[in-house]
$ cat my_file.cif   # mmCIF, C-alpha atoms
data_query
loop_
_atom_site.label_atom_id
_atom_site.label_comp_id
_atom_site.auth_asym_id
_atom_site.auth_seq_id
_atom_site.Cartn_x
_atom_site.Cartn_y
_atom_site.Cartn_z
CA MET A 1 0.00 0.00 0.00
CA THR A 2 1.42 3.39 -1.01
CA ASN A 3 1.70 6.32 1.38
CA LEU A 4 -1.04 8.18 -0.50
CA ASP A 5 -3.40 5.18 -0.36
CA TYR A 6 -2.88 4.90 3.36
CA TYR A 7 -3.35 8.65 3.86
CA LEU A 8 -6.58 8.79 1.84
CA THR A 9 -8.16 5.62 3.21
CA TYR A 10 -6.93 4.88 6.72
CA ASP A 11 -5.34 7.91 8.35
CA HIS A 12 -8.49 9.86 9.26
CA ASP A 13 -6.67 11.76 11.95
CA ALA A 14 -4.03 13.07 9.53
CA ARG A 15 -6.70 14.11 7.03
CA SER A 16 -8.69 15.97 9.71
CA LYS A 17 -5.52 17.78 10.80
CA THR A 18 -4.76 18.68 7.18
CA THR A 19 -8.28 20.11 6.81
CA LEU A 20 -7.76 22.26 9.90
CA LEU A 21 -4.37 23.37 8.60
CA SER A 22 -5.82 24.17 5.15
CA VAL A 23 -8.69 26.23 6.57
CA ALA A 24 -6.31 28.13 8.87
CA ALA A 25 -3.86 28.76 6.01
CA GLY A 26 -6.75 29.86 3.78
CA ILE A 27 -7.98 32.37 6.38
CA ILE A 28 -4.47 33.77 6.93
CA ALA A 29 -3.87 34.06 3.17
CA ALA A 30 -7.22 35.83 2.65
CA ALA A 31 -6.48 38.16 5.58
CA ILE A 32 -3.11 39.09 4.06
CA ALA A 33 -4.76 39.51 0.65
CA THR A 34 -7.17 42.09 2.12
CA LEU A 35 -4.16 44.39 2.63
CA PHE A 36 -3.51 44.42 -1.12
CA TYR A 37 -6.83 43.68 -2.79
CA ASP A 38 -10.31 45.04 -2.02
CA SER A 39 -12.15 42.53 -4.16
CA LEU A 40 -13.51 39.54 -2.22
CA LYS A 41 -13.24 37.49 -5.40
CA VAL A 42 -9.45 37.98 -5.56
CA GLN A 43 -9.12 37.21 -1.84
CA CYS A 44 -11.09 34.00 -2.33
CA LEU A 45 -8.98 32.97 -5.33
CA ILE A 46 -5.79 33.45 -3.30
CA CYS A 47 -7.37 31.49 -0.45
CA VAL A 48 -8.27 28.60 -2.80
CA ALA A 49 -4.74 28.56 -4.24
CA VAL A 50 -3.12 28.46 -0.79
CA VAL A 51 -5.47 25.68 0.36
CA GLY A 52 -4.54 23.75 -2.80
CA VAL A 53 -0.82 24.12 -2.03
CA VAL A 54 -1.35 22.87 1.55
CA GLU A 55 -3.53 19.91 0.51
CA ILE A 56 -1.26 18.78 -2.33
CA SER A 57 1.97 19.22 -0.33
CA ARG A 58 0.54 17.26 2.59
CA ALA A 59 -0.61 14.44 0.29
CA ARG A 60 2.79 14.28 -1.44
CA LEU A 61 4.94 14.54 1.67
CA TYR A 62 2.87 12.18 3.84
CA VAL A 63 4.70 9.09 5.10
CA GLN A 64 2.65 6.28 6.58
CA PRO A 65 3.56 5.26 10.13
CA SER A 66 5.60 2.14 10.80
CA ARG A 67 3.76 -1.14 11.48
CA LYS A 68 4.47 -0.77 15.20
CA GLU A 69 2.97 2.73 15.32
CA MET A 70 0.02 1.56 13.20
CA ARG A 71 -0.72 -1.26 15.62
CA ALA A 72 -0.52 1.15 18.56
CA ALA A 73 -2.94 3.58 16.93
CA THR A 74 -5.33 1.04 15.40
CA SER A 75 -8.93 2.03 15.86
CA PRO A 76 -12.09 0.90 14.07
CA ALA A 77 -12.47 2.69 10.73
CA LEU A 78 -15.89 4.09 11.54
CA SER A 79 -16.28 4.23 15.28
CA ARG A 80 -19.60 4.71 17.03
CA ARG A 81 -18.45 8.19 18.06
CA SER A 82 -17.80 9.23 14.49
CA VAL A 83 -21.19 7.90 13.35
CA VAL A 84 -22.86 10.00 16.05
CA TRP A 85 -20.79 13.03 15.03
CA LEU A 86 -21.71 12.51 11.38
CA THR A 87 -25.44 12.33 12.17
CA VAL A 88 -25.34 15.34 14.49
CA SER A 89 -23.34 17.37 11.95
CA ALA A 90 -25.73 16.48 9.13
CA ALA A 91 -28.77 17.37 11.28
CA LEU A 92 -27.25 20.70 12.38
CA PHE A 93 -26.22 21.46 8.81
CA LEU A 94 -29.80 20.90 7.59
CA ILE A 95 -31.25 22.96 10.45
CA PHE A 96 -28.89 25.88 9.84
CA GLY A 97 -29.27 25.49 6.06
CA ALA A 98 -32.88 26.60 6.58
CA LEU A 99 -31.69 29.89 8.14
CA PRO A 100 -32.16 32.12 5.10
CA SER A 101 -35.85 31.18 4.84
CA ILE A 102 -36.27 31.70 8.60
CA ALA A 103 -34.58 35.09 8.26
CA VAL A 104 -36.87 36.04 5.33
CA ALA A 105 -39.93 35.05 7.40
CA GLU A 106 -38.64 37.10 10.34
CA VAL A 107 -38.00 40.18 8.16
CA ASN A 108 -41.46 39.86 6.57
CA ARG A 109 -43.03 39.54 10.02
CA ARG A 110 -41.17 42.61 11.24
CA LEU A 111 -42.25 44.59 8.17
CA ARG A 112 -45.87 43.52 8.63
CA ARG A 113 -45.71 44.65 12.27
CA LEU A 114 -44.13 47.99 11.32
CA THR A 115 -46.76 48.70 8.65
CA ALA A 116 -49.74 47.55 10.72
CA LYS A 117 -50.72 51.09 11.73
CA VAL A 118 -51.10 53.42 8.75
CA PRO A 119 -50.27 56.33 8.48
CA LEU A 120 -46.80 55.54 9.76
CA ASP A 121 -44.77 57.73 12.07
CA ALA A 122 -41.17 58.86 11.51
CA ALA A 123 -39.70 56.14 13.76
CA SER A 124 -41.56 53.36 11.90
CA ILE A 125 -40.39 54.69 8.53
CA SER A 126 -36.78 54.72 9.78
CA SER A 127 -37.16 51.16 11.09
CA ILE A 128 -38.64 50.02 7.78
CA GLU A 129 -35.76 51.60 5.85
CA ARG A 130 -33.20 50.02 8.17
CA THR A 131 -34.86 46.58 7.99
CA ILE A 132 -35.03 46.66 4.20
CA ALA A 133 -31.39 47.81 3.93
CA GLN A 134 -30.31 44.95 6.23
CA ALA A 135 -32.35 42.44 4.23
CA ALA A 136 -30.69 43.68 1.04
CA ALA A 137 -27.24 43.39 2.65
CA TYR A 138 -27.99 39.72 3.48
CA ARG A 139 -29.50 39.14 0.01
CA LEU A 140 -32.86 38.24 1.56
CA ASN A 141 -35.82 38.38 -0.78
CA VAL A 142 -38.52 40.53 0.83
CA HIS A 143 -40.70 40.56 -2.27
CA GLU A 144 -43.63 39.12 -0.32
CA SER A 145 -44.08 42.17 1.92
CA ALA A 146 -42.83 44.85 -0.54
CA ASP A 147 -46.34 45.57 -1.82
CA GLY A 148 -47.74 46.21 1.66
CA VAL A 149 -44.76 48.37 2.63
CA ILE A 150 -45.06 50.52 -0.50
CA SER A 151 -48.83 51.04 0.01
CA ALA A 152 -48.25 52.02 3.66
CA LEU A 153 -45.47 54.47 2.73
CA ARG A 154 -47.52 55.96 -0.10
CA ARG A 155 -50.56 56.41 2.14
CA THR A 156 -48.36 58.07 4.77
CA ALA A 157 -46.92 60.47 2.20
CA GLU A 158 -50.47 61.44 1.16
CA VAL A 159 -51.86 61.86 4.68
CA ARG A 160 -48.78 63.43 6.28
CA PRO A 161 -47.04 65.68 3.76
CA SER A 162 -44.34 66.48 6.34
CA LEU A 163 -43.20 62.82 6.15
CA SER A 164 -43.39 62.54 2.35
CA GLY A 165 -39.63 63.10 1.95
CA GLN A 166 -38.79 60.37 4.45
CA ALA A 167 -41.42 58.05 2.94
CA ILE A 168 -40.11 58.42 -0.62
CA SER A 169 -36.57 57.79 0.66
CA ALA A 170 -37.76 54.56 2.30
CA GLY A 171 -39.65 53.71 -0.90
CA SER A 172 -36.44 54.21 -2.88
CA THR A 173 -34.67 51.81 -0.49
CA VAL A 174 -37.40 49.20 -1.03
CA ALA A 175 -37.12 49.54 -4.82
CA SER A 176 -33.31 49.35 -4.62
CA ALA A 177 -33.48 46.19 -2.49
CA MET A 178 -35.68 44.13 -4.77
CA THR A 179 -34.01 40.92 -5.87
CA VAL A 180 -35.17 39.86 -9.24
CA ASN A 181 -35.83 36.93 -11.51
CA ILE A 182 -32.99 36.60 -13.97
CA SER A 183 -34.63 34.80 -16.95
CA ALA A 184 -35.45 36.51 -20.27
CA PRO A 185 -38.82 38.29 -20.68
CA GLU A 186 -41.70 35.94 -21.58
CA GLU A 187 -42.17 37.16 -25.15
CA MET A 188 -38.50 36.42 -25.81
CA HIS A 189 -38.65 32.79 -24.73
CA GLY A 190 -38.18 30.09 -27.34
CA ARG A 191 -36.71 30.36 -30.80
CA MET A 192 -36.55 33.91 -32.09
CA PHE A 193 -35.89 33.23 -35.80
CA SER A 194 -37.22 30.56 -38.16
CA PRO A 195 -34.22 30.78 -40.51
CA LEU A 196 -30.88 32.12 -39.30
CA PRO A 197 -30.81 35.91 -39.66
CA GLU A 198 -28.67 37.62 -42.24
CA ALA A 199 -28.01 41.14 -41.06
CA LYS A 200 -25.17 42.35 -43.21
CA GLY A 201 -24.02 45.80 -42.22
CA ALA A 202 -27.20 46.54 -40.23
CA THR A 203 -27.27 49.76 -38.25
CA TRP A 204 -28.80 50.13 -34.82
CA ARG A 205 -28.88 53.41 -32.96
CA PHE A 206 -29.54 54.43 -29.40
CA THR A 207 -29.46 57.59 -27.32
CA ALA A 208 -27.13 57.15 -24.35
CA ILE A 209 -28.95 57.56 -21.05
CA ALA A 210 -25.75 58.82 -19.39
CA THR A 211 -22.74 60.25 -21.16
CA ASN A 212 -19.85 59.66 -18.74
CA THR A 213 -19.10 56.44 -20.58
CA GLY A 214 -16.14 54.13 -20.40
CA PRO A 215 -15.51 51.19 -22.70
CA ASP A 216 -17.54 48.77 -20.56
CA ASN A 217 -20.50 50.98 -19.70
CA TYR A 218 -22.62 49.96 -22.68
CA ALA A 219 -22.83 46.43 -24.03
CA THR A 220 -25.25 44.59 -26.28
CA VAL A 221 -26.39 40.99 -25.83
CA GLY A 222 -27.81 38.72 -28.54
CA LEU A 223 -29.64 39.52 -31.76
CA ALA A 224 -33.37 40.04 -32.20
CA HIS A 225 -35.87 40.89 -34.92
CA GLN A 226 -38.06 43.98 -34.69
CA PRO A 227 -40.11 44.69 -32.61
CA HIS A 228 -38.08 42.74 -30.01
CA CYS A 229 -34.84 44.70 -30.41
CA ALA A 230 -33.52 46.81 -27.54
CA VAL A 231 -34.48 50.48 -27.54
CA MET A 232 -32.96 53.44 -25.73
CA GLU A 233 -34.24 56.76 -27.01
CA HIS A 234 -35.91 60.01 -25.96
CA ILE A 235 -39.69 59.75 -26.02
CA ASP A 236 -39.86 63.16 -27.72
CA SER A 237 -37.34 62.35 -30.44
CA PRO A 238 -37.58 58.66 -31.36
CA LEU A 239 -34.80 57.26 -33.49
CA PRO A 240 -35.54 55.92 -36.99
CA ILE A 241 -35.45 52.13 -37.35
CA ALA A 242 -32.59 51.54 -39.77
CA SER A 243 -32.65 47.73 -39.78
CA GLU A 244 -35.12 45.00 -39.00
CA TYR A 245 -32.47 43.41 -36.78
CA GLY A 246 -30.81 44.76 -33.69
CA PRO A 247 -29.41 43.69 -30.32
CA ALA A 248 -31.79 41.72 -28.12
CA PHE A 249 -30.62 43.47 -24.94
CA LEU A 250 -28.67 46.57 -24.08
CA VAL A 251 -26.72 46.47 -20.80
CA VAL A 252 -25.70 49.72 -19.11
CA LYS A 253 -23.44 49.49 -16.07
CA GLY A 254 -22.15 51.67 -13.29
CA LEU A 255 -23.40 55.11 -14.35
CA THR A 256 -25.55 57.83 -12.86
CA ALA A 257 -28.59 58.63 -14.97
CA THR A 258 -31.98 60.32 -14.97
CA LEU A 259 -34.85 58.20 -16.22
CA ASP A 260 -37.20 61.06 -17.15
CA GLY A 261 -38.06 61.31 -20.84
CA PHE A 262 -36.64 57.92 -21.86
CA HIS A 263 -38.17 55.09 -23.82
CA LEU A 264 -36.36 51.88 -22.86
CA ARG A 265 -37.03 48.40 -24.17
CA ASN A 266 -35.09 45.26 -23.23
CA VAL A 267 -32.58 47.32 -21.29
CA ILE A 268 -30.64 46.01 -18.30
CA LEU A 269 -29.46 48.69 -15.89
CA GLN A 270 -26.84 47.32 -13.53
CA ASP A 271 -25.10 49.02 -10.58
CA MET A 272 -26.63 52.34 -11.61
CA VAL A 273 -27.64 55.36 -9.56
CA LEU A 274 -30.98 56.33 -11.08
CA ALA A 275 -32.98 59.50 -10.47
CA TYR A 276 -36.63 59.94 -11.37
CA ASN A 277 -38.34 63.32 -11.06
CA GLY A 278 -41.84 62.37 -12.23
CA GLY A 279 -41.37 62.97 -15.97
CA ALA A 280 -42.72 60.91 -18.86
CA VAL A 281 -41.18 57.46 -19.19
CA ALA A 282 -41.91 54.37 -21.26
CA PHE A 283 -40.35 51.13 -20.05
CA GLU A 284 -40.83 47.78 -21.75
CA ASN A 285 -38.91 45.00 -20.07
CA VAL A 286 -36.40 47.08 -18.18
CA TYR A 287 -34.33 45.16 -15.70
CA PHE A 288 -32.93 46.95 -12.64
CA PHE A 289 -30.09 44.97 -11.15
CA ASN A 290 -28.44 46.27 -7.97
CA CYS A 291 -29.50 49.87 -8.71
CA GLN A 292 -29.83 52.72 -6.24
CA PHE A 293 -32.89 54.91 -6.79
CA ARG A 294 -33.42 58.58 -5.99
CA PHE A 295 -37.10 59.41 -6.38
CA GLU A 296 -38.66 62.85 -6.22
CA SER A 297 -41.88 62.93 -4.13
CA GLY A 298 -45.08 62.51 -6.13
CA ASP A 299 -47.70 60.07 -7.44
CA ARG A 300 -45.65 59.15 -10.50
CA SER A 301 -42.67 58.20 -8.34
CA TRP A 302 -44.89 55.99 -6.18
CA ALA A 303 -46.35 54.39 -9.31
CA LEU A 304 -42.84 53.58 -10.58
CA ILE A 305 -41.75 52.24 -7.17
CA SER A 306 -44.83 49.97 -7.16
CA ALA A 307 -44.06 48.80 -10.69
CA ILE A 308 -40.47 47.93 -9.71
CA THR A 309 -41.35 46.18 -6.47
CA THR A 310 -44.24 44.14 -7.90
CA ALA A 311 -42.53 43.14 -11.15
CA ASN A 312 -39.92 40.81 -9.60
CA GLY A 313 -37.77 41.11 -12.69
CA TRP A 314 -38.60 42.82 -15.97
CA VAL A 315 -40.42 46.09 -15.37
CA THR A 316 -42.99 47.41 -17.84
CA PHE A 317 -44.24 50.88 -16.98
CA ARG A 318 -45.58 53.83 -18.92
CA GLU A 319 -46.16 57.37 -17.69
CA ARG A 320 -47.07 60.10 -20.19
CA MET B 321 -9.22 -37.73 21.75
CA GLN B 322 -9.08 -34.41 20.00
CA SER B 323 -10.28 -33.67 16.53
CA VAL B 324 -9.13 -30.78 14.41
CA ASN B 325 -11.45 -29.30 11.91
CA VAL B 326 -9.32 -28.60 8.87
CA LEU B 327 -11.11 -26.55 6.25
CA PRO B 328 -9.18 -25.50 3.16
CA ARG B 329 -8.75 -21.72 2.96
CA GLU B 330 -9.87 -21.63 -0.72
CA THR B 331 -13.21 -23.17 0.22
CA LEU B 332 -13.83 -20.41 2.76
CA MET B 333 -12.94 -17.67 0.29
CA GLN B 334 -15.18 -19.13 -2.40
CA SER B 335 -18.11 -19.38 -0.04
CA LEU B 336 -18.27 -15.58 0.42
CA PRO B 337 -21.13 -14.07 -1.57
CA PHE B 338 -20.31 -11.53 -4.30
CA TRP B 339 -21.80 -8.50 -2.48
CA THR B 340 -19.92 -9.36 0.71
CA LYS B 341 -16.67 -9.34 -1.22
CA VAL B 342 -17.58 -6.02 -2.83
CA TRP B 343 -18.44 -4.55 0.55
CA ASN B 344 -15.24 -5.86 2.10
CA ASN B 345 -13.27 -4.10 -0.62
CA LEU B 346 -15.25 -0.88 -0.41
CA ARG B 347 -15.65 -0.65 3.35
CA PRO B 348 -12.42 1.24 4.16
CA HIS B 349 -13.10 3.74 1.36
CA ALA B 350 -16.74 4.21 2.39
CA ALA B 351 -15.68 4.75 6.00
CA ALA B 352 -13.00 7.24 4.94
CA ALA B 353 -15.53 9.14 2.80
CA ALA B 354 -18.13 9.18 5.60
CA ILE B 355 -15.61 10.44 8.16
CA GLU B 356 -14.31 13.07 5.77
CA VAL B 357 -17.78 14.33 4.88
CA GLY B 358 -18.50 14.48 8.62
CA VAL B 359 -15.46 16.69 9.17
CA TYR B 360 -16.50 19.10 6.41
CA LEU B 361 -20.12 19.10 7.60
CA ARG B 362 -18.84 20.17 11.01
CA TYR B 363 -16.97 23.11 9.45
CA TRP B 364 -19.96 24.15 7.36
CA THR B 365 -22.25 23.87 10.38
CA MET B 366 -19.87 26.13 12.33
CA VAL B 367 -20.12 28.68 9.51
CA LEU B 368 -23.91 28.52 9.59
CA VAL B 369 -23.85 28.97 13.38
CA ALA B 370 -21.68 32.07 12.82
CA HIS B 371 -24.27 33.24 10.29
CA ALA B 372 -27.02 32.82 12.92
CA VAL B 373 -24.94 34.81 15.41
CA ARG B 374 -24.47 37.52 12.79
CA LEU B 375 -28.24 37.72 12.18
CA ILE B 376 -28.82 38.02 15.94
CA MET B 377 -26.07 40.66 16.19
CA SER B 378 -27.63 42.74 13.43
CA ALA B 379 -31.08 42.39 15.03
CA VAL B 380 -29.70 43.52 18.39
CA GLY B 381 -27.85 46.41 16.76
CA ILE B 382 -24.16 45.72 17.35
CA ASP B 383 -21.54 47.81 15.49
CA VAL B 384 -21.59 47.25 11.75
CA TRP B 385 -17.79 46.70 11.53
CA LEU B 386 -18.08 43.69 13.85
CA ILE B 387 -20.92 42.26 11.76
CA THR B 388 -18.86 42.85 8.62
CA LEU B 389 -15.86 41.11 10.19
CA VAL B 390 -17.93 38.05 11.16
CA GLY B 391 -19.42 38.06 7.65
CA TRP B 392 -15.92 38.08 6.13
CA MET B 393 -14.83 35.21 8.40
CA GLU B 394 -17.90 33.23 7.35
CA ASN B 395 -17.10 33.70 3.68
CA VAL B 396 -13.44 32.81 4.06
CA VAL B 397 -14.04 29.69 6.20
CA PHE B 398 -16.69 28.55 3.75
CA VAL B 399 -14.38 29.11 0.77
CA SER B 400 -11.38 27.49 2.52
CA SER B 401 -13.31 24.40 3.58
CA PHE B 402 -14.90 23.98 0.16
CA ALA B 403 -11.49 24.48 -1.45
CA SER B 404 -10.03 21.84 0.88
CA PHE B 405 -12.88 19.48 -0.02
CA PHE B 406 -12.30 20.14 -3.73
CA TRP B 407 -8.52 19.68 -3.60
CA ARG B 408 -8.89 16.48 -1.54
CA LEU B 409 -11.23 15.14 -4.24
CA MET B 410 -8.65 16.06 -6.87
CA VAL B 411 -5.94 14.21 -4.93
CA ARG B 412 -8.21 11.15 -4.67
CA LEU B 413 -8.95 11.35 -8.39
CA TYR B 414 -5.22 11.59 -9.14
CA ASN B 415 -4.51 8.60 -6.91
CA GLU B 416 -7.24 6.46 -8.46
CA THR B 417 -6.12 7.42 -11.96
CA LYS B 418 -2.52 6.57 -11.12
CA ARG B 419 -3.56 3.18 -9.75
CA GLY B 420 -5.66 2.58 -12.85
CA THR B 421 -8.78 1.84 -10.83
CA LEU B 422 -10.83 4.63 -12.36
#

$ encode --input "my_file.cif" --output "structure tokens"
Amino acid sequence: MTNLDYYLTYDHDARSKTTLLSVAAGIIAAAIATLFYDSLKVQCLICVAVVGVVEISRARLYVQPSRKEMRAATSPALSRRSVVWLTVSAALFLIFGALPSIAVAEVNRRLRRLTAKVPLDAASISSIERTIAQAAAYRLNVHESADGVISALRRTAEVRPSLSGQAISAGSTVASAMTVNISAPEEMHGRMFSPLPEAKGATWRFTAIATNTGPDNYATVGLAHQPHCAVMEHIDSPLPIASEYGPAFLVVKGLTATLDGFHLRNVILQDMVLAYNGGAVAFENVYFFNCQFRFESGDRSWALISAITTANGWVTFRER
Amino acid sequence: MQSVNVLPRETLMQSLPFWTKVWNNLRPHAAAAAIEVGVYLRYWTMVLVAHAVRLIMSAVGIDVWLITLVGWMENVVFVSSFASFFWRLMVRLYNETKRGTL
């Protein structure tokens, strides 16, 4: 039997120690990486690499104990203690695996309690905003109670004009926190073309929603036939359709923009700071991913917040 | 008078059913896998316990930097233990391939 065979099959103690060593080395490596890199992804990659070095070195350098030592340390392969540990660990893992759903239920319950008495007071609005922000930080989906929260905030803004600023700010937080369904819009499911498209030299135009662009701020995804192509134009000055083909989706990332006056179709806005001041907008399948909203008080803002929070994905909304 | 029951070894070996032989061969590997999974489950459970503590901390209203630190530890322990699990599998795969049993 080779050293590696013995290590992988019989020396449970050595493998457990290696796991502990790997995890410790991974944590130390990630901690050192934080000094040089802000990105968690890079830290994790360094951590994985270091763990790999530890695991492979240990497996290569391992020497099985002599027969005398083996005899001294012989224990049943799967002792009763380890079976109990395995069962307990699996049970605890399953119990704690259910934590996110418990947390979602708890957040929803808290939101229901906070919005039970409408109109709301200033303290309740602050609590709602804080709860929603926390839920967003933990990636908890509070879609279930978003509708109720928005109605309560809207009603408060109508009844108590002095709180309308605070209410719209909380409404913006709710809209910003919505986690969304990531599949394509329904009308774009299935096969888009019967024959393969031939779009030689086709032109497609759009009006940039924000002009502080870098090379990665605007990107197109896929190819579609009219009327399913992406659109980004001013409502007042629509662009001529130059080709029957165009990109299926337009992705805009990391900019600050004002939504007023825009007609958007099949547009994905990611990591954007978006302002809306109650102007005319026409959205067909607009996808807000990790966006921060700044709404001006008013009925149109509330209508847009409701559209975003109830859509759970692609938002279709029209305000003339 | 004493009698000695002499049974040829080959006869004993042949009398073992097929599945018993399979199990006898697999038993050390199955035990090793079960123990190893148990170790990783313990780590992942610890991470989930830390997550529960973090949720309680945020509900109580402890400083955000402490919550962030616990969150970072959770992520890193999770990533390290999964990485360890992955690399161990790779080492096993390498060993089995080298032995020609895969």

$ interface_residues --input "my_file.cif" --of "chain A" --to "chain B" --cutoff "7 Å" --atoms "only C-alpha atoms" --output "ChimeraX atom specification"
/A:9-10,12,16,19,22-23,26-27,44,47-48,51-52,55,77-78,82,85-86,89-90,92-93,96

$ closest_residue --input "my_file.cif" --among "A:Ser243, A:Lys117, A:Thr309, A:Tyr218" --to "His143 of chain A" --atoms "all atoms listed in the file"
A:Thr309

$ closest_residue --input "my_file.cif" --among "A:Asp121, A:Arg154, A:Gln292, A:Gly261" --to "Ala133 of chain A" --atoms "only C-alpha atoms"
A:Gln292

$ atom_distance --input "my_file.cif" --atom1 "atom CA of Ala157 of chain A" --atom2 "atom CA of Ile128 of chain A"
14.5 Å

$ resolve_selection --input "my_file.cif" --expression "the PyMOL selection byres ((chain A and resi 105) around 12)" --output "list in words"
Ala98, Leu99, Pro100, Ser101, Ile102, Ala103, Val104, Glu106, Val107, Asn108, Arg109, Arg110, Leu111, Arg112, Ala135, Leu140, Asn141, Val142, His143, Glu144 and Ser145 of chain A

$ residues_near_point --input "my_file.cif" --point "(-41.0, 55.9, -1.0)" --cutoff "8 Å" --atoms "all atoms listed in the file" --output "PyMOL selection string"
chain A and resi 150+153-154+164-174+295+297+301-302+305

$ atom_distance --input "my_file.cif" --atom1 "atom CA of Arg139 of chain A" --atom2 "atom CA of Ala177 of chain A"
8.5 Å

$ atom_distance --input "my_file.cif" --atom1 "atom CA of Ser162 of chain A" --atom2 "atom CA of Asn277 of chain A"
18.7 Å

$ resolve_selection --input "my_file.cif" --expression "the PyMOL selection byres ((chain A and resi 236) around 10)" --output "ChimeraX atom specification"
/A:233-235,237-239,261-263,280

$ write_last_selection --input "my_file.cif" --atoms "C-alpha atoms" --output "tab-separated table (two decimals), in the frame of the given file"
chain	number	residue	atom	x	y	z
A	233	GLU	CA	-34.24	56.76	-27.01
A	234	HIS	CA	-35.91	60.01	-25.96
A	235	ILE	CA	-39.69	59.75	-26.02
A	237	SER	CA	-37.34	62.35	-30.44
A	238	PRO	CA	-37.58	58.66	-31.36
A	239	LEU	CA	-34.80	57.26	-33.49
A	261	GLY	CA	-38.06	61.31	-20.84
A	262	PHE	CA	-36.64	57.92	-21.86
A	263	HIS	CA	-38.17	55.09	-23.82
A	280	ALA	CA	-42.72	60.91	-18.86

$ resolve_selection --input "my_file.cif" --expression "the PyMOL selection byres ((chain A and resi 247) around 6)" --output "short mmCIF file (atom, residue, chain, number, x, y, z; two decimals) with C-alpha atoms, keeping the file's coordinate frame"
data_model
loop_
_atom_site.label_atom_id
_atom_site.label_comp_id
_atom_site.auth_asym_id
_atom_site.auth_seq_id
_atom_site.Cartn_x
_atom_site.Cartn_y
_atom_site.Cartn_z
CA THR A 220 -25.25 44.59 -26.28
CA GLY A 222 -27.81 38.72 -28.54
CA LEU A 223 -29.64 39.52 -31.76
CA ALA A 224 -33.37 40.04 -32.20
CA CYS A 229 -34.84 44.70 -30.41
CA ALA A 230 -33.52 46.81 -27.54
CA GLY A 246 -30.81 44.76 -33.69
CA ALA A 248 -31.79 41.72 -28.12
CA PHE A 249 -30.62 43.47 -24.94
#

$ residues_around --input "my_file.cif" --residues "segment 3-6 of chain A" --least-positions-apart "6" --cutoff "8 Å" --atoms "all atoms listed in the file" --output "VMD selection string"
(chain A and resid 59 to 60 62 to 64) or (chain B and resid 415)

$ build_atoms --input "my_file.cif" --residues "segment 47-56 of chain A" --atoms "N, CA, C and O atoms" --output "short mmCIF file (atom, residue, chain, number, x, y, z; two decimals), in the frame of the given file"
data_model
loop_
_atom_site.label_atom_id
_atom_site.label_comp_id
_atom_site.auth_asym_id
_atom_site.auth_seq_id
_atom_site.Cartn_x
_atom_site.Cartn_y
_atom_site.Cartn_z
N CYS A 47 -7.06 32.46 -1.51
CA CYS A 47 -7.37 31.49 -0.45
C CYS A 47 -7.44 30.07 -1.04
O CYS A 47 -6.83 29.12 -0.49
N VAL A 48 -8.14 29.92 -2.16
CA VAL A 48 -8.27 28.60 -2.80
C VAL A 48 -6.90 28.07 -3.24
O VAL A 48 -6.57 26.89 -3.04
N ALA A 49 -6.08 28.97 -3.79
CA ALA A 49 -4.74 28.56 -4.24
C ALA A 49 -3.90 28.07 -3.06
O ALA A 49 -3.24 27.02 -3.15
N VAL A 50 -3.93 28.83 -1.96
CA VAL A 50 -3.12 28.46 -0.79
C VAL A 50 -3.60 27.12 -0.22
O VAL A 50 -2.79 26.24 0.13
N VAL A 51 -4.93 26.95 -0.14
CA VAL A 51 -5.47 25.68 0.36
C VAL A 51 -5.01 24.53 -0.54
O VAL A 51 -4.63 23.45 -0.05
N GLY A 52 -5.01 24.77 -1.84
CA GLY A 52 -4.54 23.75 -2.80
C GLY A 52 -3.10 23.37 -2.54
O GLY A 52 -2.75 22.18 -2.52
N VAL A 53 -2.25 24.37 -2.30
CA VAL A 53 -0.82 24.12 -2.03
C VAL A 53 -0.68 23.26 -0.77
O VAL A 53 0.06 22.27 -0.74
N VAL A 54 -1.43 23.62 0.29
CA VAL A 54 -1.35 22.87 1.55
C VAL A 54 -1.80 21.42 1.35
O VAL A 54 -1.12 20.47 1.75
N GLU A 55 -2.97 21.26 0.70
CA GLU A 55 -3.53 19.91 0.51
C GLU A 55 -2.59 19.02 -0.32
O GLU A 55 -2.33 17.88 0.04
N ILE A 56 -2.10 19.59 -1.43
CA ILE A 56 -1.26 18.78 -2.33
C ILE A 56 0.08 18.46 -1.67
O ILE A 56 0.57 17.33 -1.72
#
